[in-house]
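Novice: Structure: coords-v8.cif, mmCIF, C-alpha atoms.
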```cif
data_coords
loop_
_atom_site.label_atom_id
_atom_site.label_comp_id
_atom_site.auth_asym_id
_atom_site.auth_seq_id
_atom_site.Cartn_x
_atom_site.Cartn_y
_atom_site.Cartn_z
CA ALA Q 1 96.62 -52.43 78.72
CA SER Q 2 99.66 -54.28 77.38
CA TRP Q 3 97.83 -55.34 74.23
CA ALA Q 4 96.54 -51.79 73.60
CA ALA Q 5 100.01 -50.34 74.13
CA SER Q 6 101.53 -52.84 71.69
CA MET Q 7 98.90 -51.96 69.11
CA LEU Q 8 99.66 -48.26 69.54
CA TYR Q 9 103.38 -48.99 69.23
CA ARG Q 10 102.72 -50.89 65.99
CA LEU Q 11 100.68 -47.94 64.69
CA THR Q 12 102.93 -45.05 65.77
CA GLY Q 13 106.39 -46.49 66.36
CA GLU Q 14 106.66 -44.40 69.54
CA SER Q 15 108.87 -46.09 72.14
CA ARG Q 16 106.75 -44.94 75.08
CA TYR Q 17 104.06 -47.37 74.00
CA ALA Q 18 106.56 -50.22 73.84
CA ASP Q 19 107.69 -49.30 77.36
CA THR Q 20 104.12 -49.40 78.64
CA ALA Q 21 103.47 -52.74 76.93
CA ARG Q 22 106.48 -54.25 78.70
CA GLN Q 23 105.56 -52.74 82.04
CA MET Q 24 102.04 -54.13 81.88
CA MET Q 25 103.29 -57.50 80.65
CA ASP Q 26 105.59 -57.74 83.68
CA TYR Q 27 102.49 -57.62 85.84
CA VAL Q 28 100.65 -60.17 83.70
CA LEU Q 29 103.51 -62.64 83.92
CA ALA Q 30 103.67 -62.16 87.70
CA CYS Q 31 100.06 -63.42 87.72
CA GLN Q 32 100.79 -66.60 85.74
CA GLN Q 33 101.05 -70.03 87.35
CA THR Q 34 104.48 -71.41 86.54
CA ALA Q 35 104.78 -74.34 88.96
CA HIS Q 36 103.20 -77.62 87.83
CA ILE Q 37 100.14 -79.02 89.60
CA GLY Q 38 98.78 -82.58 89.57
CA LYS Q 39 99.98 -85.61 87.69
CA GLU Q 40 99.31 -83.85 84.37
CA LYS Q 41 101.80 -81.13 85.42
CA ILE Q 42 99.38 -78.35 84.52
CA ASN Q 43 100.48 -74.72 84.65
CA GLY Q 44 100.21 -71.59 82.51
CA PHE Q 45 96.86 -70.24 83.74
CA PHE Q 46 96.49 -66.73 85.16
CA PHE Q 47 95.41 -65.39 88.53
CA ARG Q 48 93.33 -62.31 89.21
CA ASN Q 49 96.35 -60.56 90.73
CA THR Q 50 99.83 -61.27 92.04
CA ASP Q 51 98.46 -62.75 95.30
CA HIS Q 52 97.64 -65.96 93.34
CA LYS Q 53 94.49 -66.55 95.39
CA VAL Q 54 91.83 -66.54 92.66
CA VAL Q 55 92.23 -67.88 89.13
CA VAL Q 56 90.81 -65.71 86.34
CA HIS Q 57 87.40 -67.13 85.34
CA PHE Q 58 84.59 -66.11 83.08
CA ASN Q 59 81.08 -67.48 83.57
CA HIS Q 60 78.88 -65.51 81.16
CA GLN Q 61 80.68 -62.99 79.00
CA SER Q 62 84.35 -63.70 78.41
CA ARG Q 63 87.51 -61.84 77.46
CA ASP Q 64 89.77 -64.85 77.89
CA GLN Q 65 91.35 -64.23 74.49
CA ILE Q 66 93.19 -61.14 75.73
CA PHE Q 67 96.07 -63.05 77.36
CA ALA Q 68 97.04 -64.66 74.08
CA MET Q 69 96.50 -61.46 72.11
CA ALA Q 70 98.71 -59.42 74.46
CA LEU Q 71 101.48 -62.02 74.41
CA SER Q 72 101.35 -62.40 70.64
CA GLU Q 73 101.40 -58.67 70.01
CA ILE Q 74 104.32 -57.87 72.31
CA ILE Q 75 106.37 -60.78 70.89
CA THR Q 76 105.58 -59.67 67.35
CA THR Q 77 106.28 -55.96 67.86
CA GLN Q 78 109.37 -56.32 70.08
CA PRO Q 79 111.04 -59.53 68.83
CA SER Q 80 114.60 -58.39 69.64
CA HIS Q 81 113.94 -57.29 73.22
CA PRO Q 82 115.86 -59.27 75.91
CA LYS Q 83 112.52 -60.31 77.47
CA SER Q 84 111.20 -61.79 74.23
CA ALA Q 85 112.20 -65.32 75.23
CA GLU Q 86 110.40 -64.88 78.56
CA TRP Q 87 107.25 -63.74 76.80
CA ARG Q 88 107.41 -66.67 74.41
CA ALA Q 89 107.85 -69.10 77.31
CA ALA Q 90 104.72 -67.62 78.92
CA ALA Q 91 102.80 -68.08 75.66
CA GLU Q 92 103.98 -71.69 75.44
CA ARG Q 93 102.89 -72.35 79.03
CA TYR Q 94 99.45 -70.92 78.35
CA GLY Q 95 99.11 -72.89 75.13
CA ASP Q 96 100.15 -76.05 76.96
CA TYR Q 97 97.49 -75.32 79.59
CA ILE Q 98 94.79 -75.12 76.93
CA LYS Q 99 95.98 -78.36 75.32
CA LYS Q 100 96.23 -80.36 78.54
CA THR Q 101 92.86 -79.29 79.92
CA THR Q 102 91.01 -79.71 76.62
CA ARG Q 103 91.97 -83.40 76.53
CA TYR Q 104 89.55 -83.90 79.42
CA SER Q 105 86.58 -83.10 77.15
CA ALA Q 106 87.41 -85.67 74.43
CA PRO Q 107 85.99 -86.60 71.98
CA TYR Q 108 84.23 -83.25 71.59
CA GLY Q 109 87.19 -80.94 72.10
CA MET Q 110 85.26 -78.28 74.02
CA ILE Q 111 87.72 -76.06 75.90
CA PRO Q 112 86.98 -76.44 79.62
CA SER Q 113 86.25 -73.49 81.87
CA GLY Q 114 89.55 -74.18 83.60
CA ILE Q 115 91.30 -74.60 86.93
CA TYR Q 116 89.73 -73.42 90.19
CA LEU Q 117 91.01 -73.28 93.76
CA ILE Q 118 88.71 -74.76 96.38
CA ASP Q 119 89.06 -71.75 98.71
CA GLU Q 120 88.40 -68.99 96.18
CA PRO Q 121 85.13 -67.89 97.86
CA ALA Q 122 87.23 -66.61 100.79
CA ASP Q 123 88.26 -63.67 98.60
CA GLN Q 124 85.07 -61.65 99.06
CA GLU Q 125 86.06 -58.81 96.74
CA SER Q 126 86.63 -61.17 93.84
CA TRP Q 127 83.50 -63.14 94.68
CA ASP Q 128 81.32 -60.03 94.53
CA HIS Q 129 82.71 -59.12 91.10
CA GLN Q 130 82.32 -62.58 89.58
CA HIS Q 131 78.83 -63.66 90.55
CA LEU Q 132 75.46 -61.99 89.99
CA PHE Q 133 72.46 -63.15 92.03
CA PRO Q 134 74.26 -66.25 93.35
CA GLY Q 135 71.80 -67.15 96.13
CA GLU Q 136 72.24 -67.86 99.81
CA SER Q 137 73.92 -71.25 99.39
CA ALA Q 138 76.30 -70.09 96.66
CA LYS Q 139 79.56 -70.70 98.48
CA GLU Q 140 78.49 -74.23 99.44
CA ASP Q 141 77.36 -74.76 95.85
CA PHE Q 142 80.77 -73.55 94.66
CA VAL Q 143 82.46 -76.40 96.49
CA GLU Q 144 79.93 -78.93 95.20
CA GLN Q 145 80.35 -77.71 91.64
CA LEU Q 146 84.12 -78.10 91.89
CA LYS Q 147 83.81 -81.60 93.30
CA ASN Q 148 81.60 -82.54 90.35
CA GLY Q 149 84.53 -81.63 88.10
CA PHE Q 150 87.98 -83.23 88.05
CA GLN Q 151 90.19 -83.07 91.12
CA ILE Q 152 93.75 -82.18 90.09
CA ASP Q 153 95.31 -82.13 93.56
CA ASP Q 154 94.30 -81.26 97.13
CA THR Q 155 93.28 -77.69 96.30
CA HIS Q 156 92.89 -77.47 92.50
CA TYR Q 157 89.91 -78.66 90.45
CA LEU Q 158 89.18 -78.57 86.73
CA ARG Q 159 85.67 -77.64 85.61
CA MET Q 160 84.38 -78.37 82.12
CA PHE Q 161 81.71 -75.71 82.55
CA PRO Q 162 82.05 -72.59 84.69
CA VAL Q 163 80.98 -72.30 88.28
CA TRP Q 164 77.77 -70.37 87.72
CA TYR Q 165 74.41 -69.56 89.23
CA SER Q 166 71.85 -67.26 87.59
CA PHE Q 167 73.42 -66.93 84.14
CA ARG Q 168 74.23 -70.16 82.29
CA GLY Q 169 75.45 -70.99 78.80
CA ASN Q 170 79.03 -71.23 77.55
CA ASN Q 171 79.19 -70.19 73.87
CA ALA Q 172 80.93 -66.88 74.57
CA ILE Q 173 83.32 -68.62 76.97
CA ILE Q 174 84.55 -71.36 74.67
CA LEU Q 175 84.69 -69.08 71.62
CA ALA Q 176 86.76 -66.48 73.49
CA THR Q 177 89.29 -69.05 74.68
CA GLY Q 178 89.14 -70.57 71.21
CA LYS Q 179 90.22 -67.19 69.84
CA GLY Q 180 93.16 -67.32 72.25
CA ALA Q 181 94.03 -70.83 71.10
CA ALA Q 182 93.98 -69.71 67.46
CA VAL Q 183 96.20 -66.70 68.18
CA LEU Q 184 98.70 -68.89 70.04
CA GLY Q 185 98.50 -71.59 67.39
CA LYS Q 186 99.54 -69.13 64.72
CA LEU Q 187 102.20 -67.53 66.90
CA LEU Q 188 103.77 -70.85 67.93
CA ASP Q 189 103.03 -72.73 64.70
CA ASP Q 190 101.13 -75.28 66.78
CA LYS Q 191 98.58 -77.35 64.85
CA GLU Q 192 97.03 -78.84 68.00
CA LEU Q 193 96.08 -75.37 69.23
CA LEU Q 194 94.64 -74.46 65.83
CA ASP Q 195 92.60 -77.69 65.83
CA ILE Q 196 91.31 -76.88 69.31
CA ALA Q 197 90.27 -73.43 68.12
CA GLN Q 198 88.35 -74.95 65.20
CA ASN Q 199 86.71 -77.45 67.54
CA GLN Q 200 84.97 -74.56 69.31
CA LEU Q 201 83.36 -73.54 66.02
CA GLN Q 202 82.43 -77.17 65.36
CA TRP Q 203 80.90 -77.53 68.84
CA VAL Q 204 78.56 -74.62 68.09
CA VAL Q 205 77.37 -76.05 64.75
CA GLY Q 206 76.71 -79.57 66.00
CA LYS Q 207 79.82 -81.38 67.27
CA ASN Q 208 78.31 -81.55 70.73
CA PRO Q 209 76.57 -84.32 72.71
CA PHE Q 210 73.16 -83.27 71.37
CA GLY Q 211 74.13 -83.29 67.69
CA GLN Q 212 72.37 -79.97 67.34
CA SER Q 213 73.53 -76.76 65.74
CA LEU Q 214 73.29 -73.75 68.04
CA ILE Q 215 73.09 -71.33 65.10
CA TYR Q 216 69.55 -70.87 63.82
CA GLY Q 217 69.44 -71.72 60.13
CA GLU Q 218 72.86 -73.40 60.06
CA GLY Q 219 72.69 -77.17 59.62
CA SER Q 220 69.57 -79.31 59.75
CA ASN Q 221 68.95 -79.87 63.45
CA TYR Q 222 68.82 -76.40 64.96
CA ALA Q 223 66.15 -75.43 67.50
CA TYR Q 224 63.98 -72.42 68.13
CA GLN Q 225 65.65 -69.86 70.37
CA TYR Q 226 64.56 -67.27 72.89
CA SER Q 227 64.38 -64.20 70.66
CA ALA Q 228 62.02 -61.81 72.40
CA LEU Q 229 62.08 -58.91 69.91
CA LEU Q 230 62.97 -60.06 66.38
CA GLY Q 231 61.57 -63.55 66.30
CA GLN Q 232 63.59 -66.40 64.79
CA THR Q 233 66.39 -64.89 62.68
CA VAL Q 234 68.79 -66.85 60.51
CA GLY Q 235 72.28 -66.65 61.99
CA GLU Q 236 71.27 -65.93 65.57
CA ILE Q 237 73.38 -67.59 68.29
CA PRO Q 238 72.20 -68.13 71.86
CA VAL Q 239 74.08 -67.94 75.16
CA GLY Q 240 74.79 -71.66 74.88
CA ILE Q 241 74.74 -75.09 76.48
CA GLN Q 242 74.42 -75.07 80.26
CA THR Q 243 74.57 -77.53 83.16
CA ARG Q 244 71.81 -78.75 85.45
CA GLY Q 245 72.16 -77.60 89.05
CA ASN Q 246 75.70 -78.13 90.32
CA GLU Q 247 76.60 -80.77 87.74
CA ASP Q 248 79.48 -80.50 85.28
CA VAL Q 249 78.00 -82.22 82.24
CA PRO Q 250 76.17 -80.62 79.27
CA TYR Q 251 72.47 -79.90 79.74
CA TRP Q 252 70.39 -78.60 76.83
CA PRO Q 253 66.65 -78.62 77.66
CA GLN Q 254 64.09 -78.55 74.87
CA ALA Q 255 62.32 -75.73 76.68
CA ASN Q 256 62.89 -72.40 74.95
CA ASN Q 257 63.96 -70.04 77.70
CA ALA Q 258 66.63 -67.65 78.96
CA THR Q 259 69.45 -67.57 79.49
CA TYR Q 260 70.73 -70.66 77.71
CA LYS Q 261 68.62 -70.22 74.54
CA GLU Q 262 68.52 -66.44 74.68
CA VAL Q 263 69.84 -64.83 71.51
CA TRP Q 264 72.94 -62.84 72.37
CA MET Q 265 75.16 -60.46 70.43
CA THR Q 266 78.15 -61.46 72.57
CA SER Q 267 78.03 -65.03 71.28
CA ALA Q 268 77.86 -63.80 67.69
CA ALA Q 269 80.75 -61.39 68.25
CA ARG Q 270 82.93 -64.14 69.73
CA TRP Q 271 82.04 -66.41 66.80
CA LEU Q 272 83.08 -63.75 64.28
CA THR Q 273 86.36 -62.90 66.03
CA LEU Q 274 87.33 -66.57 66.13
CA VAL Q 275 86.36 -67.19 62.50
CA SER Q 276 88.51 -64.19 61.51
CA GLU Q 277 91.63 -66.03 62.67
CA PHE Q 278 91.16 -68.55 59.87
CA LEU Q 279 90.65 -66.02 57.06
CA TYR Q 280 94.21 -66.15 55.79
#
```
Rewrite the structure of this file - the entire thing - as structure tokens.
Specialist:
Amino acid sequence: ASWAASMLYRLTGESRYADTARQMMDYVLACQQTAHIGKEKINGFFFRNTDHKVVVHFNHQSRDQIFAMALSEIITTQPSHPKSAEWRAAAERYGDYIKKTTRYSAPYGMIPSGIYLIDEPADQESWDHQHLFPGESAKEDFVEQLKNGFQIDDTHYLRMFPVWYSFRGNNAIILATGKGAAVLGKLLDDKELLDIAQNQLQWVVGKNPFGQSLIYGEGSNYAYQYSALLGQTVGEIPVGIQTRGNEDVPYWPQANNATYKEVWMTSAARWLTLVSEFLY
């Protein structure tokens, strides 16, 4: 809502849109983690609401780029507002979060899924929105999946891949957050964030543990994909690399099946929106 209002303000110059952008951004910033956690002093991520009980996650589709886009647009369109420094500080915190967590995936530079709280399944409303067909043991599996990631402190864990069940594959997830990293990198003139954004593109075309391009026809080591209607089509991009069971390491079976090798418009759309950030 804040991003849309800022875009309308840019288009029309009408102050009511600027007012709405600020009002919505106040809520967004109330959902951001500002206190540091763990020895890495991580902060900057966002919660589902101001209760700070459930961190925002995406496990199939992803719109993770919207935080950076909203912050960038309000800073750009209202640079003289008294809250501009507060907005910029929030953008810097979020950028720092992306940088600190991405160091855990070296040398590949894949942006991790992010921070989770161990007791998130207690929020039933959020749980029902996040997970499709999770299975009877899903809440126990949630804890196991977190413990297969990196423990940050007593209650926070960092997952490289999302907590997920029926739908697996992370191309849309890393490309969406990569878009956010690119937007912040340009806003803050931060080369590390821009490099991280490019690493997501590189992961998809072969800078991954399997040395295999995930775009059919791009590179020399791409695989057949699950394309039920069109057959193999140059340029198609699948859902992406998954994990096995409750693990938190890349798993890319040679079997050609959904969802991980299923051709998906969402992956292609996220690829294009990230590439567009580098078309100066």
Novice: Hey, what's within 8 Å of region 209-217 of chain Q if we count all atoms listed in the file and toss same-chain stuff fewer than 6 positions away? As JSON, numbers by chain, please?
Specialist: {"Q": [108, 223, 224, 225, 232, 233, 234, 235, 236, 237, 238, 240, 250, 252]}
Novice: Could you check how far CA of Gly178 (chain Q) sits from CA of Phe58 (chain Q), in Å to one decimal?
Specialist: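 About the pair CA of Gly178 (chain Q) and CA of Phe58 (chain Q): they are 13.5 Å apart.
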Novice: Work out how far CA of Glu144 (chain Q) is from CA of Ala181 (chain Q), in Å to one decimal.
Specialist: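 Going from CA of Ala181 (chain Q) over to CA of Glu144 (chain Q) covers 29.1 Å.
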Novice: What does the distance between CA of Arg63 (chain Q) and CA of Ala172 (chain Q) come to in Å, to one decimal place?
Specialist: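 Interatomic distance here is 8.8 Å.
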Novice: Choose the residue, out of Q:Arg103, Q:Val249, Q:Val263, Q:Met110, that has the smallest atom-to-atom separation from Gly231 (chain Q); count all atoms listed in the file.
Specialist: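 Ranked by minimum distance to Gly231 (chain Q), first place goes to Q:Val263.
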Novice: Residues within 12 Å of Ser276 (chain Q), please, as a PDB file with C-alpha atoms, in the coordinates of the input. Count only C-alpha atoms; anything in the same chain fewer than 3 positions from it doesn't count.
Specialist:
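Result saved to result-v4.pdb:
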```pdb
ATOM      1  CA  LEU Q 175      84.690 -69.080  71.620  1.00  0.00           C
ATOM      2  CA  GLY Q 178      89.140 -70.570  71.210  1.00  0.00           C
ATOM      3  CA  LYS Q 179      90.220 -67.190  69.840  1.00  0.00           C
ATOM      4  CA  ALA Q 182      93.980 -69.710  67.460  1.00  0.00           C
ATOM      5  CA  VAL Q 183      96.200 -66.700  68.180  1.00  0.00           C
ATOM      6  CA  ALA Q 197      90.270 -73.430  68.120  1.00  0.00           C
ATOM      7  CA  GLN Q 198      88.350 -74.950  65.200  1.00  0.00           C
ATOM      8  CA  LEU Q 201      83.360 -73.540  66.020  1.00  0.00           C
ATOM      9  CA  ALA Q 269      80.750 -61.390  68.250  1.00  0.00           C
ATOM     10  CA  ARG Q 270      82.930 -64.140  69.730  1.00  0.00           C
ATOM     11  CA  TRP Q 271      82.040 -66.410  66.800  1.00  0.00           C
ATOM     12  CA  LEU Q 272      83.080 -63.750  64.280  1.00  0.00           C
ATOM     13  CA  THR Q 273      86.360 -62.900  66.030  1.00  0.00           C
ATOM     14  CA  LEU Q 279      90.650 -66.020  57.060  1.00  0.00           C
ATOM     15  CA  TYR Q 280      94.210 -66.150  55.790  1.00  0.00           C
TER      16      TYR Q 280
END
```
Novice: With the file shown as input, list the residues that the PyMOL selection byres ((chain Q and resi 170) around 8) selects, as a ChimeraX atom specification.
Specialist: /Q:59-60,161-162,168-169,171-174,239-242
Novice: Measuring between all atoms listed in the file, which one of Q:Arg244, Q:Arg88, Q:Lys99, Q:Lys191 shows the shortest distance to Val163 (chain Q)?
Specialist: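 Closest to Val163 (chain Q), using all atoms listed in the file: Q:Arg244.
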Novice: Restricting the calculation to only C-alpha atoms: of Q:Leu117, Q:Ala4, Q:Ala85, Q:Ser126, which residue gets closest to Asn49 (chain Q)?
Specialist: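 Under the stated criterion, the closest residue is Q:Ser126.
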Novice: Taking into account all atoms listed in the file, which residue in the set Q:Pro112, Q:Pro121, Q:Pro253, Q:Pro82 is nearest to Ser137 (chain Q)?
Specialist: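 Closest residue, counting all atoms listed in the file: Q:Pro121.
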Novice: Return the single residue from Q:Tyr9, Q:Met25, Q:Gly180, Q:Lys41 that is closest to Asp153 (chain Q), with distances computed using only C-alpha atoms.
Specialist: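 Going through Q:Tyr9, Q:Met25, Q:Gly180, Q:Lys41 one by one, the smallest distance to Asp153 (chain Q) is for Q:Lys41.
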Novice: Find the spatial neighbours of Gly114 (chain Q), counting only C-alpha atoms, within a cut-off of 10 Å - ignore same-chain residues fewer than 6 positions away - and output them as an mmCIF file with C-alpha atoms, in the coordinates of the input.
Specialist:
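See part-v9.cif below for the written result:
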```cif
data_model
loop_
_atom_site.group_PDB
_atom_site.id
_atom_site.type_symbol
_atom_site.label_atom_id
_atom_site.label_comp_id
_atom_site.auth_asym_id
_atom_site.auth_seq_id
_atom_site.Cartn_x
_atom_site.Cartn_y
_atom_site.Cartn_z
ATOM 1 C CA PHE Q 45 96.860 -70.240 83.740
ATOM 2 C CA VAL Q 55 92.230 -67.880 89.130
ATOM 3 C CA VAL Q 56 90.810 -65.710 86.340
ATOM 4 C CA HIS Q 57 87.400 -67.130 85.340
ATOM 5 C CA PHE Q 58 84.590 -66.110 83.080
ATOM 6 C CA TYR Q 97 97.490 -75.320 79.590
ATOM 7 C CA ILE Q 98 94.790 -75.120 76.930
ATOM 8 C CA THR Q 101 92.860 -79.290 79.920
ATOM 9 C CA THR Q 102 91.010 -79.710 76.620
ATOM 10 C CA TYR Q 157 89.910 -78.660 90.450
ATOM 11 C CA LEU Q 158 89.180 -78.570 86.730
ATOM 12 C CA ARG Q 159 85.670 -77.640 85.610
ATOM 13 C CA MET Q 160 84.380 -78.370 82.120
ATOM 14 C CA PHE Q 161 81.710 -75.710 82.550
ATOM 15 C CA PRO Q 162 82.050 -72.590 84.690
ATOM 16 C CA VAL Q 163 80.980 -72.300 88.280
#
```
Novice: Would you please work out which residue, of Q:Trp3, Q:Phe167, Q:Tyr260, Q:Phe133, is nearest to Ile75 (chain Q) when using only C-alpha atoms?
Specialist: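 Nearest to Ile75 (chain Q): Q:Trp3.
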Novice: Tell me, as a ChimeraX atom specification, which residues lie within 12 Å of Lys53 (chain Q), counting all atoms listed in the file; anything in the same chain fewer than 3 positions away does not count.
Specialist: /Q:31-33,46-50,56,116-127,155-156
